[in-house]
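So this one's query_22.cif, mmCIF, C-alpha atoms:
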data_input
#
loop_
_atom_site.group_PDB
_atom_site.id
_atom_site.type_symbol
_atom_site.label_atom_id
_atom_site.label_comp_id
_atom_site.auth_asym_id
_atom_site.auth_seq_id
_atom_site.Cartn_x
_atom_site.Cartn_y
_atom_site.Cartn_z
ATOM 1 C CA MET A 156 71.201 97.588 180.349
ATOM 2 C CA GLY A 157 73.957 100.132 180.890
ATOM 3 C CA MET A 158 75.759 97.858 183.318
ATOM 4 C CA LEU A 159 75.527 94.950 180.857
ATOM 5 C CA LEU A 160 76.996 97.129 178.102
ATOM 6 C CA ASP A 161 79.814 98.214 180.409
ATOM 7 C CA GLU A 162 80.596 94.579 181.218
ATOM 8 C CA ILE A 163 80.647 93.659 177.518
ATOM 9 C CA ILE A 164 82.984 96.559 176.711
ATOM 10 C CA GLU A 165 85.315 95.688 179.565
ATOM 11 C CA ALA A 166 85.389 92.020 178.486
ATOM 12 C CA MET A 167 86.299 92.837 174.878
ATOM 13 C CA PRO A 168 89.982 92.475 173.941
ATOM 14 C CA VAL A 169 91.690 95.565 172.527
ATOM 15 C CA PHE A 170 91.823 94.223 168.952
ATOM 16 C CA ALA A 171 88.036 93.585 169.013
ATOM 17 C CA LYS A 172 87.380 97.154 170.160
ATOM 18 C CA GLU A 173 89.593 98.438 167.357
ATOM 19 C CA LEU A 174 87.678 96.293 164.856
ATOM 20 C CA VAL A 175 84.343 97.743 166.014
ATOM 21 C CA ALA A 176 85.669 101.316 166.051
ATOM 22 C CA GLY A 177 87.130 100.968 162.560
ATOM 23 C CA GLY A 178 83.995 99.358 161.123
ATOM 24 C CA VAL A 179 81.686 102.071 162.475
ATOM 25 C CA ALA A 180 84.030 104.822 161.256
ATOM 26 C CA GLY A 181 84.278 103.336 157.761
ATOM 27 C CA GLY A 182 80.553 102.687 157.332
ATOM 28 C CA PHE A 183 79.550 106.141 158.535
ATOM 29 C CA ALA A 184 82.097 107.973 156.386
ATOM 30 C CA LYS A 185 81.281 105.939 153.271
ATOM 31 C CA THR A 186 77.536 106.597 153.523
ATOM 32 C CA VAL A 187 78.077 110.344 153.860
ATOM 33 C CA VAL A 188 80.047 110.528 150.589
ATOM 34 C CA ALA A 189 78.117 107.837 148.653
ATOM 35 C CA PRO A 190 76.639 110.249 146.040
ATOM 36 C CA LEU A 191 80.096 111.568 145.149
ATOM 37 C CA GLU A 192 81.438 108.013 144.984
ATOM 38 C CA ARG A 193 78.725 107.032 142.471
ATOM 39 C CA VAL A 194 79.495 109.961 140.173
ATOM 40 C CA LYS A 195 83.246 109.351 140.491
ATOM 41 C CA ILE A 196 82.899 105.721 139.376
ATOM 42 C CA LEU A 197 80.850 106.808 136.339
ATOM 43 C CA PHE A 198 83.527 109.358 135.424
ATOM 44 C CA GLN A 199 86.331 106.818 135.862
ATOM 45 C CA THR A 200 84.663 104.192 133.692
ATOM 46 C CA ARG A 201 84.039 106.817 130.996
ATOM 47 C CA ARG A 202 80.315 106.363 130.432
ATOM 48 C CA ASP A 203 79.255 108.310 127.309
ATOM 49 C CA GLU A 204 76.299 109.834 129.179
ATOM 50 C CA PHE A 205 78.575 111.488 131.755
ATOM 51 C CA LYS A 206 81.683 112.472 129.788
ATOM 52 C CA SER A 207 80.555 115.963 128.826
ATOM 53 C CA VAL A 208 77.949 117.061 131.370
ATOM 54 C CA GLY A 209 80.362 117.618 134.266
ATOM 55 C CA LEU A 210 79.864 117.244 138.002
ATOM 56 C CA PHE A 211 76.633 119.185 138.506
ATOM 57 C CA GLY A 212 75.196 117.886 135.245
ATOM 58 C CA SER A 213 75.878 114.342 136.402
ATOM 59 C CA PHE A 214 74.084 114.957 139.679
ATOM 60 C CA LYS A 215 71.119 116.419 137.802
ATOM 61 C CA LYS A 216 71.024 113.516 135.330
ATOM 62 C CA ILE A 217 71.089 110.839 138.042
ATOM 63 C CA SER A 218 68.441 112.682 140.048
ATOM 64 C CA HIS A 219 66.186 112.958 136.977
ATOM 65 C CA THR A 220 66.565 109.389 135.715
ATOM 66 C CA GLU A 221 66.931 107.418 138.941
ATOM 67 C CA GLY A 222 65.762 109.644 141.780
ATOM 68 C CA ILE A 223 67.477 110.148 145.117
ATOM 69 C CA MET A 224 68.147 106.441 145.534
ATOM 70 C CA GLY A 225 70.180 106.529 142.328
ATOM 71 C CA PHE A 226 72.947 108.273 144.245
ATOM 72 C CA TYR A 227 73.157 105.223 146.487
ATOM 73 C CA ARG A 228 73.169 102.561 143.764
ATOM 74 C CA GLY A 229 75.798 100.063 144.847
ATOM 75 C CA ASN A 230 76.111 101.681 148.288
ATOM 76 C CA GLY A 231 74.813 98.526 149.992
ATOM 77 C CA ALA A 232 77.736 96.586 148.562
ATOM 78 C CA SER A 233 80.005 99.536 149.323
ATOM 79 C CA VAL A 234 79.057 99.601 153.005
ATOM 80 C CA ALA A 235 79.119 95.798 153.183
ATOM 81 C CA ARG A 236 82.700 96.040 151.939
ATOM 82 C CA ILE A 237 83.879 99.140 153.799
ATOM 83 C CA VAL A 238 82.771 97.997 157.261
ATOM 84 C CA PRO A 239 85.007 94.880 157.303
ATOM 85 C CA TYR A 240 87.646 96.703 155.238
ATOM 86 C CA ALA A 241 87.887 99.682 157.598
ATOM 87 C CA ALA A 242 87.673 97.406 160.641
ATOM 88 C CA LEU A 243 90.578 95.310 159.353
ATOM 89 C CA HIS A 244 92.486 98.347 158.119
ATOM 90 C CA TYR A 245 92.496 100.227 161.423
ATOM 91 C CA MET A 246 92.920 97.126 163.583
ATOM 92 C CA THR A 247 95.764 95.634 161.540
ATOM 93 C CA TYR A 248 97.470 99.045 161.438
ATOM 94 C CA GLU A 249 97.519 99.083 165.238
ATOM 95 C CA GLN A 250 98.604 95.435 165.378
ATOM 96 C CA TYR A 251 101.354 95.817 162.770
ATOM 97 C CA ARG A 252 102.561 98.937 164.582
ATOM 98 C CA ARG A 253 102.829 97.082 167.902
ATOM 99 C CA TRP A 254 104.455 94.087 166.234
ATOM 100 C CA ILE A 255 107.110 96.285 164.601
ATOM 101 C CA ILE A 256 107.827 98.022 167.917
ATOM 102 C CA LEU A 257 108.051 94.674 169.695
ATOM 103 C CA SER A 258 110.233 93.075 167.007
ATOM 104 C CA PHE A 259 112.462 96.062 166.258
ATOM 105 C CA PRO A 260 112.615 98.097 169.484
ATOM 106 C CA ASP A 261 115.715 100.028 168.394
ATOM 107 C CA ASN A 262 114.143 101.525 165.255
ATOM 108 C CA GLY A 263 112.269 104.303 167.039
ATOM 109 C CA ARG A 264 108.714 105.614 166.658
ATOM 110 C CA GLY A 265 109.076 108.029 163.769
ATOM 111 C CA PRO A 266 106.838 108.504 160.719
ATOM 112 C CA VAL A 267 108.454 105.563 158.897
ATOM 113 C CA LEU A 268 106.765 103.271 161.435
ATOM 114 C CA ASP A 269 103.327 104.648 160.473
ATOM 115 C CA LEU A 270 104.199 104.421 156.768
ATOM 116 C CA VAL A 271 105.169 100.729 156.965
ATOM 117 C CA ALA A 272 102.362 99.699 159.330
ATOM 118 C CA GLY A 273 99.760 101.574 157.259
ATOM 119 C CA SER A 274 100.977 100.033 154.002
ATOM 120 C CA PHE A 275 100.808 96.457 155.243
ATOM 121 C CA ALA A 276 97.457 97.099 156.915
ATOM 122 C CA GLY A 277 96.027 98.423 153.645
ATOM 123 C CA GLY A 278 97.280 95.419 151.686
ATOM 124 C CA THR A 279 95.846 92.979 154.228
ATOM 125 C CA ALA A 280 92.442 94.665 154.233
ATOM 126 C CA VAL A 281 92.279 94.795 150.410
ATOM 127 C CA LEU A 282 93.049 91.099 149.962
ATOM 128 C CA LEU A 283 90.363 90.066 152.434
ATOM 129 C CA THR A 284 87.578 92.360 151.157
ATOM 130 C CA TYR A 285 88.304 92.926 147.440
ATOM 131 C CA PRO A 286 85.388 90.845 146.041
ATOM 132 C CA LEU A 287 82.932 93.221 147.759
ATOM 133 C CA ASP A 288 84.643 96.209 146.126
ATOM 134 C CA LEU A 289 84.349 94.570 142.712
ATOM 135 C CA VAL A 290 80.625 93.906 143.252
ATOM 136 C CA ARG A 291 80.082 97.493 144.424
ATOM 137 C CA THR A 292 81.708 98.856 141.259
ATOM 138 C CA LYS A 293 79.693 96.618 138.931
ATOM 139 C CA LEU A 294 76.429 97.655 140.596
ATOM 140 C CA ALA A 295 77.318 101.359 140.521
ATOM 141 C CA TYR A 296 78.293 101.085 136.816
ATOM 142 C CA GLN A 297 74.730 100.255 135.753
ATOM 143 C CA ILE A 298 72.653 103.283 134.777
ATOM 144 C CA VAL A 299 68.905 103.678 134.270
ATOM 145 C CA SER A 300 67.952 105.268 130.947
ATOM 146 C CA SER A 301 65.442 108.109 131.161
ATOM 147 C CA SER A 302 63.768 107.253 127.880
ATOM 148 C CA LYS A 303 62.907 103.595 128.195
ATOM 149 C CA GLY A 304 63.864 102.818 131.763
ATOM 150 C CA ASN A 305 66.509 100.381 130.626
ATOM 151 C CA ILE A 306 70.055 99.975 131.938
ATOM 152 C CA ASN A 307 73.168 100.845 130.012
ATOM 153 C CA GLY A 308 75.516 97.939 130.298
ATOM 154 C CA VAL A 309 72.803 95.299 129.885
ATOM 155 C CA ILE A 310 72.253 92.040 128.119
ATOM 156 C CA GLY A 311 68.934 91.524 126.357
ATOM 157 C CA MET A 312 67.490 94.802 127.731
ATOM 158 C CA GLU A 313 67.514 93.383 131.259
ATOM 159 C CA LEU A 314 69.380 94.352 134.408
ATOM 160 C CA VAL A 315 72.709 92.530 134.387
ATOM 161 C CA TYR A 316 72.964 92.353 138.178
ATOM 162 C CA LYS A 317 69.883 92.683 140.385
ATOM 163 C CA GLY A 318 71.739 92.913 143.676
ATOM 164 C CA ILE A 319 74.794 91.951 145.689
ATOM 165 C CA ARG A 320 74.060 88.222 145.851
ATOM 166 C CA ASP A 321 73.124 88.059 142.167
ATOM 167 C CA CYS A 322 76.337 89.857 141.181
ATOM 168 C CA PHE A 323 78.430 87.483 143.279
ATOM 169 C CA SER A 324 76.823 84.355 141.834
ATOM 170 C CA LYS A 325 76.979 85.514 138.203
ATOM 171 C CA THR A 326 80.592 86.636 138.497
ATOM 172 C CA LEU A 327 81.571 83.295 140.012
ATOM 173 C CA LYS A 328 79.674 81.426 137.281
ATOM 174 C CA GLU A 329 81.216 83.475 134.451
ATOM 175 C CA SER A 330 84.809 83.806 135.650
ATOM 176 C CA GLY A 331 85.281 81.663 138.736
ATOM 177 C CA LEU A 332 87.125 82.828 141.841
ATOM 178 C CA ARG A 333 89.639 84.750 139.711
ATOM 179 C CA GLY A 334 86.757 86.866 138.446
ATOM 180 C CA LEU A 335 86.098 88.148 141.969
ATOM 181 C CA TYR A 336 89.682 89.431 142.089
ATOM 182 C CA ARG A 337 89.652 91.121 138.687
ATOM 183 C CA GLY A 338 91.679 94.345 139.089
ATOM 184 C CA VAL A 339 93.193 93.399 142.451
ATOM 185 C CA ALA A 340 96.753 93.990 141.179
ATOM 186 C CA PRO A 341 96.380 97.767 140.642
ATOM 187 C CA SER A 342 94.439 97.880 143.921
ATOM 188 C CA LEU A 343 97.443 96.475 145.756
ATOM 189 C CA TYR A 344 99.858 98.678 143.811
ATOM 190 C CA GLY A 345 97.774 101.671 144.855
ATOM 191 C CA ILE A 346 96.803 100.734 148.402
ATOM 192 C CA PHE A 347 100.318 100.090 149.678
ATOM 193 C CA PRO A 348 101.526 103.668 149.061
ATOM 194 C CA TYR A 349 98.092 105.249 149.676
ATOM 195 C CA ALA A 350 97.375 103.581 153.028
ATOM 196 C CA GLY A 351 100.937 104.109 154.162
ATOM 197 C CA LEU A 352 101.009 107.763 153.129
ATOM 198 C CA LYS A 353 97.568 108.388 154.669
ATOM 199 C CA PHE A 354 98.638 107.186 158.110
ATOM 200 C CA TYR A 355 102.072 108.791 157.664
ATOM 201 C CA PHE A 356 100.683 112.260 156.918
ATOM 202 C CA TYR A 357 97.956 111.981 159.584
ATOM 203 C CA GLU A 358 100.304 110.966 162.396
ATOM 204 C CA GLU A 359 103.024 113.362 161.258
ATOM 205 C CA MET A 360 100.611 116.311 161.228
ATOM 206 C CA LYS A 361 99.293 115.393 164.678
ATOM 207 C CA ARG A 362 102.856 115.418 166.030
ATOM 208 C CA HIS A 363 103.045 119.146 165.245
ATOM 209 C CA VAL A 364 99.745 119.957 166.959
ATOM 210 C CA PRO A 365 100.097 121.553 170.433
ATOM 211 C CA GLU A 366 99.248 119.114 173.226
ATOM 212 C CA GLU A 367 96.223 121.109 174.375
ATOM 213 C CA HIS A 368 94.616 120.856 170.918
ATOM 214 C CA LYS A 369 95.308 117.195 170.100
ATOM 215 C CA LYS A 370 91.834 116.076 171.217
ATOM 216 C CA ASP A 371 90.073 118.838 169.252
ATOM 217 C CA ILE A 372 87.714 117.267 166.712
ATOM 218 C CA VAL A 373 88.246 120.080 164.196
ATOM 219 C CA VAL A 374 92.018 119.591 164.360
ATOM 220 C CA LYS A 375 91.636 115.848 163.766
ATOM 221 C CA MET A 376 89.358 116.487 160.792
ATOM 222 C CA VAL A 377 91.813 118.929 159.247
ATOM 223 C CA CYS A 378 94.701 116.486 159.709
ATOM 224 C CA GLY A 379 92.641 113.658 158.227
ATOM 225 C CA SER A 380 91.549 115.782 155.269
ATOM 226 C CA VAL A 381 95.075 116.790 154.292
ATOM 227 C CA ALA A 382 96.349 113.226 154.800
ATOM 228 C CA GLY A 383 93.691 111.759 152.504
ATOM 229 C CA LEU A 384 94.160 114.505 149.928
ATOM 230 C CA LEU A 385 97.924 114.014 149.612
ATOM 231 C CA GLY A 386 97.765 110.222 149.700
ATOM 232 C CA GLN A 387 95.071 110.018 147.045
ATOM 233 C CA THR A 388 96.796 112.414 144.628
ATOM 234 C CA PHE A 389 99.874 110.191 144.377
ATOM 235 C CA THR A 390 97.939 106.979 143.750
ATOM 236 C CA TYR A 391 94.794 108.021 141.839
ATOM 237 C CA PRO A 392 95.792 106.757 138.326
ATOM 238 C CA LEU A 393 95.957 103.192 139.651
ATOM 239 C CA ASP A 394 92.417 103.595 140.994
ATOM 240 C CA VAL A 395 91.216 104.497 137.486
ATOM 241 C CA VAL A 396 92.943 101.420 136.027
ATOM 242 C CA ARG A 397 91.326 99.233 138.682
ATOM 243 C CA ARG A 398 87.817 100.571 137.971
ATOM 244 C CA GLN A 399 88.103 100.048 134.223
ATOM 245 C CA MET A 400 89.335 96.487 134.742
ATOM 246 C CA GLN A 401 86.442 95.774 137.108
ATOM 247 C CA VAL A 402 83.744 96.766 134.601
ATOM 248 C CA GLN A 403 85.434 95.207 131.564
ATOM 249 C CA ARG A 404 82.768 92.538 131.048
ATOM 250 C CA LEU A 405 79.999 95.152 131.162
ATOM 251 C CA SER A 406 81.656 97.374 128.557
ATOM 252 C CA VAL A 407 81.034 95.528 125.304
ATOM 253 C CA SER A 408 83.059 97.869 123.096
ATOM 254 C CA ASN A 409 86.176 97.554 125.254
ATOM 255 C CA ASN A 410 85.812 93.904 126.223
ATOM 256 C CA ALA A 411 88.588 92.684 123.936
ATOM 257 C CA GLU A 412 90.984 95.529 124.782
ATOM 258 C CA LEU A 413 91.159 95.552 128.572
ATOM 259 C CA LYS A 414 93.428 92.828 129.896
ATOM 260 C CA GLY A 415 96.043 93.027 132.621
ATOM 261 C CA THR A 416 97.150 96.017 134.678
ATOM 262 C CA MET A 417 99.895 97.280 132.360
ATOM 263 C CA GLU A 418 97.852 96.573 129.214
ATOM 264 C CA THR A 419 94.938 98.558 130.657
ATOM 265 C CA LEU A 420 97.195 101.432 131.712
ATOM 266 C CA ILE A 421 98.785 101.627 128.245
ATOM 267 C CA MET A 422 95.394 101.324 126.507
ATOM 268 C CA ILE A 423 93.944 104.180 128.573
ATOM 269 C CA MET A 424 96.870 106.454 127.725
ATOM 270 C CA GLN A 425 96.794 105.562 124.017
ATOM 271 C CA LYS A 426 93.027 105.508 123.420
ATOM 272 C CA GLN A 427 91.678 107.935 126.024
ATOM 273 C CA GLY A 428 94.670 110.128 126.775
ATOM 274 C CA TRP A 429 96.718 110.559 129.948
ATOM 275 C CA LYS A 430 94.132 112.950 131.361
ATOM 276 C CA GLN A 431 91.726 110.005 131.705
ATOM 277 C CA LEU A 432 94.047 108.646 134.407
ATOM 278 C CA PHE A 433 92.945 111.634 136.500
ATOM 279 C CA SER A 434 89.293 111.606 135.432
ATOM 280 C CA GLY A 435 87.093 112.204 138.453
ATOM 281 C CA LEU A 436 90.002 113.402 140.605
ATOM 282 C CA SER A 437 88.284 116.694 141.404
ATOM 283 C CA ILE A 438 85.239 114.736 142.589
ATOM 284 C CA ASN A 439 87.542 112.462 144.533
ATOM 285 C CA TYR A 440 89.006 115.469 146.315
ATOM 286 C CA LEU A 441 85.496 116.469 147.366
ATOM 287 C CA LYS A 442 84.918 112.900 148.536
ATOM 288 C CA VAL A 443 88.273 112.226 150.183
ATOM 289 C CA VAL A 444 88.355 115.375 152.311
ATOM 290 C CA PRO A 445 85.185 114.565 154.301
ATOM 291 C CA SER A 446 85.598 110.797 154.050
ATOM 292 C CA VAL A 447 89.097 110.493 155.532
ATOM 293 C CA ALA A 448 88.437 113.313 157.984
ATOM 294 C CA ILE A 449 85.226 111.689 159.234
ATOM 295 C CA GLY A 450 86.864 108.248 159.247
ATOM 296 C CA PHE A 451 89.817 109.228 161.440
ATOM 297 C CA THR A 452 87.652 111.385 163.722
ATOM 298 C CA VAL A 453 84.909 108.801 164.259
ATOM 299 C CA TYR A 454 87.564 106.120 164.813
ATOM 300 C CA ASP A 455 89.178 108.149 167.591
ATOM 301 C CA ILE A 456 85.769 108.910 169.140
ATOM 302 C CA MET A 457 84.754 105.243 169.008
ATOM 303 C CA LYS A 458 88.043 104.161 170.584
ATOM 304 C CA ALA A 459 87.412 106.563 173.443
ATOM 305 C CA SER A 460 83.815 105.325 173.823
ATOM 306 C CA LEU A 461 84.990 101.698 173.898
ATOM 307 C CA ARG A 462 87.730 102.616 176.397
ATOM 308 C CA VAL A 463 90.624 101.541 174.224
ATOM 309 C CA PRO A 464 93.838 102.425 176.082
ATOM 310 C CA SER A 465 95.811 105.215 174.491
ATOM 311 C CA ARG A 466 98.600 104.249 172.135
ATOM 312 C CA ASP A 467 101.164 105.638 174.591
ATOM 313 C CA VAL A 468 99.898 103.322 177.347
ATOM 314 C CA ILE A 469 99.930 100.244 175.083
ATOM 315 C CA GLU A 470 103.394 101.059 173.752
ATOM 316 C CA ALA A 471 104.669 101.658 177.288
ATOM 317 C CA VAL A 472 103.600 98.092 178.127
ATOM 318 C CA THR A 473 105.354 96.892 174.963
ATOM 319 C CA ASP A 474 108.518 98.737 175.976
ATOM 320 C CA LYS A 475 108.352 97.152 179.421
ATOM 321 C CA ARG A 476 108.151 93.697 177.825
ATOM 322 C CA ASN A 477 111.124 94.505 175.619
ATOM 323 C CA SER A 478 113.198 95.639 178.593
ATOM 324 C CA GLN A 479 112.536 92.501 180.649
ATOM 325 C CA PRO A 480 115.523 90.123 180.620
ATOM 326 C CA SER A 481 115.030 86.810 178.830
ATOM 327 C CA LEU A 482 114.688 83.701 180.973
ATOM 328 C CA HIS A 483 117.341 82.047 178.798
ATOM 329 C CA SER A 484 119.916 84.845 179.132
#

Can the structure in the file be given as structure tokens, please?
Amino acid sequence: MGMLLDEIIEAMPVFAKELVAGGVAGGFAKTVVAPLERVKILFQTRRDEFKSVGLFGSFKKISHTEGIMGFYRGNGASVARIVPYAALHYMTYEQYRRWIILSFPDNGRGPVLDLVAGSFAGGTAVLLTYPLDLVRTKLAYQIVSSSKGNINGVIGMELVYKGIRDCFSKTLKESGLRGLYRGVAPSLYGIFPYAGLKFYFYEEMKRHVPEEHKKDIVVKMVCGSVAGLLGQTFTYPLDVVRRQMQVQRLSVSNNAELKGTMETLIMIMQKQGWKQLFSGLSINYLKVVPSVAIGFTVYDIMKASLRVPSRDVIEAVTDKRNSQPSLHS
């Protein structure tokens, strides 16, 4: 069995190994922070039941009304989205990075390279996996009432969406394909700087780590934590706009008010105040620190387990190709 596994690993192309490593890293990290993600979404979408009780009160309320599994409501859709998203994100980052080096060999290997490659990788991953993010948010938005066991955000006292497949089919029926990409604009506005800054800060911090400590797991987790923290702070308001656009059809009172990205942003500032644009940010800090740290660390561990050549080795091959004279010269 071990020999068969070794043969499979050796036969896999580098991009496939990076896809697997990224998918495992994303799924593992997302599951660890799922309870914080659920509470953050409820804060962002400004549910009346969670506006005043705070972080610990929200945890207590969910535990009392929905039990332990309430913290993982929508996590199935979240993991179903994050596995392909993270796989594409990490893999396309590596591919964009190599492509830039191959196409522009004179531009160097500085932090700008990681910023550009990370930004385009984030945009690519978002476009290909956004419908799963929308479904995850709609499922997490629904809340069980402690008094009558009903769901807030319901039609006719029944669950609006009973699962991932049901949410997909109903969204398609109500709004068509465009409905599955509701809120994608602020996602792209946010992901380009966030993904770019995340990789930029992570790689830049690692460059200042002494060579003997670069493989230290604790060091990688610290670098990943700071990178996620800084990247998220700059782009968080757009995440709030995206969430409110995603749950528009479930929020009856706001259904006529929430429209496009700018209209939603202006409405939030006028009706809810500018502080709402940072609602749930403290929870997001608690989520981002372990999530990004675990993601980067598990990705590096998985790459080593799958015997992905180091970036220096791959880029050395790229440099060798660049230095070879053209057959037509």

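This file, filtered with the PyMOL selection byres ((chain A and resi 268) around 10), gives the residues Tyr251, Arg252, Arg253, Ile255, Ile256, Asn262, Gly263, Arg264, Gly265, Pro266, Val267, Asp269, Leu270, Val271, Ala272, Gly273, Ser274, Gly351, Phe354 and Tyr355 of chain A.
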
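Ranking A:Gly379, A:Gly318, A:Gly435, A:Gly178 by their shortest atom-to-atom distance to Glu192 of chain A, with all atoms listed in the file included, puts A:Gly435 first.
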
Pick from A:Phe198, A:Phe275, A:Phe183, A:Phe214, whichever lies nearest to Asn439 of chain A using all atoms listed in the file: A:Phe198

Protein/DNA/RNA residues near (78.0, 102.4, 141.6), cut 8 Å, only C-alpha atoms, as a PyMOL selection string: chain A and resi 192-194+196-197+227-230+291-297

Contacts of Phe389 of chain A at 9 Å (only C-alpha atoms; same-chain gap of 6+ positions) as JSON, numbers by chain: {"A": [345, 348, 349]}

Within 9 Å of Leu283 of chain A using all atoms listed in the file, minus same-chain residues under 6 positions, as an MDAnalysis selection string: chainID A and resid 239:240 243

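The nearest approach to Asp394 of chain A among the residues A:Lys195, A:Lys458, A:Lys216, A:Arg320, with only C-alpha atoms taken into account, belongs to A:Lys195.
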
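Separating atom CA of Leu289 of chain A from atom CA of Ser233 of chain A is a distance of 9.3 Å.
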
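Going from atom CA of Ile346 of chain A to atom CA of Arg362 of chain A covers 23.7 Å.
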
Separation of atom CA of Ser324 of chain A from atom CA of Gly415 of chain A, in Å and rounded to one decimal: 23.0 Å

Under the PyMOL selection byres ((chain A and resi 377) around 10), which residues of this model are included? Write them out as an mmCIF file with C-alpha atoms, in the coordinates of the input.
data_model
loop_
_atom_site.group_PDB
_atom_site.id
_atom_site.type_symbol
_atom_site.label_atom_id
_atom_site.label_comp_id
_atom_site.auth_asym_id
_atom_site.auth_seq_id
_atom_site.Cartn_x
_atom_site.Cartn_y
_atom_site.Cartn_z
ATOM 1 C CA TYR A 357 97.956 111.981 159.584
ATOM 2 C CA MET A 360 100.611 116.311 161.228
ATOM 3 C CA LYS A 361 99.293 115.393 164.678
ATOM 4 C CA ILE A 372 87.714 117.267 166.712
ATOM 5 C CA VAL A 373 88.246 120.080 164.196
ATOM 6 C CA VAL A 374 92.018 119.591 164.360
ATOM 7 C CA LYS A 375 91.636 115.848 163.766
ATOM 8 C CA MET A 376 89.358 116.487 160.792
ATOM 9 C CA CYS A 378 94.701 116.486 159.709
ATOM 10 C CA GLY A 379 92.641 113.658 158.227
ATOM 11 C CA SER A 380 91.549 115.782 155.269
ATOM 12 C CA VAL A 381 95.075 116.790 154.292
ATOM 13 C CA ALA A 382 96.349 113.226 154.800
ATOM 14 C CA VAL A 444 88.355 115.375 152.311
ATOM 15 C CA PRO A 445 85.185 114.565 154.301
ATOM 16 C CA VAL A 447 89.097 110.493 155.532
ATOM 17 C CA ALA A 448 88.437 113.313 157.984
ATOM 18 C CA ILE A 449 85.226 111.689 159.234
ATOM 19 C CA THR A 452 87.652 111.385 163.722
#

Answer key for the PyMOL selection byres ((chain A and resi 173) around 8), residues as a ChimeraX atom specification: /A:169-172,174-177,242,245-246,458,463
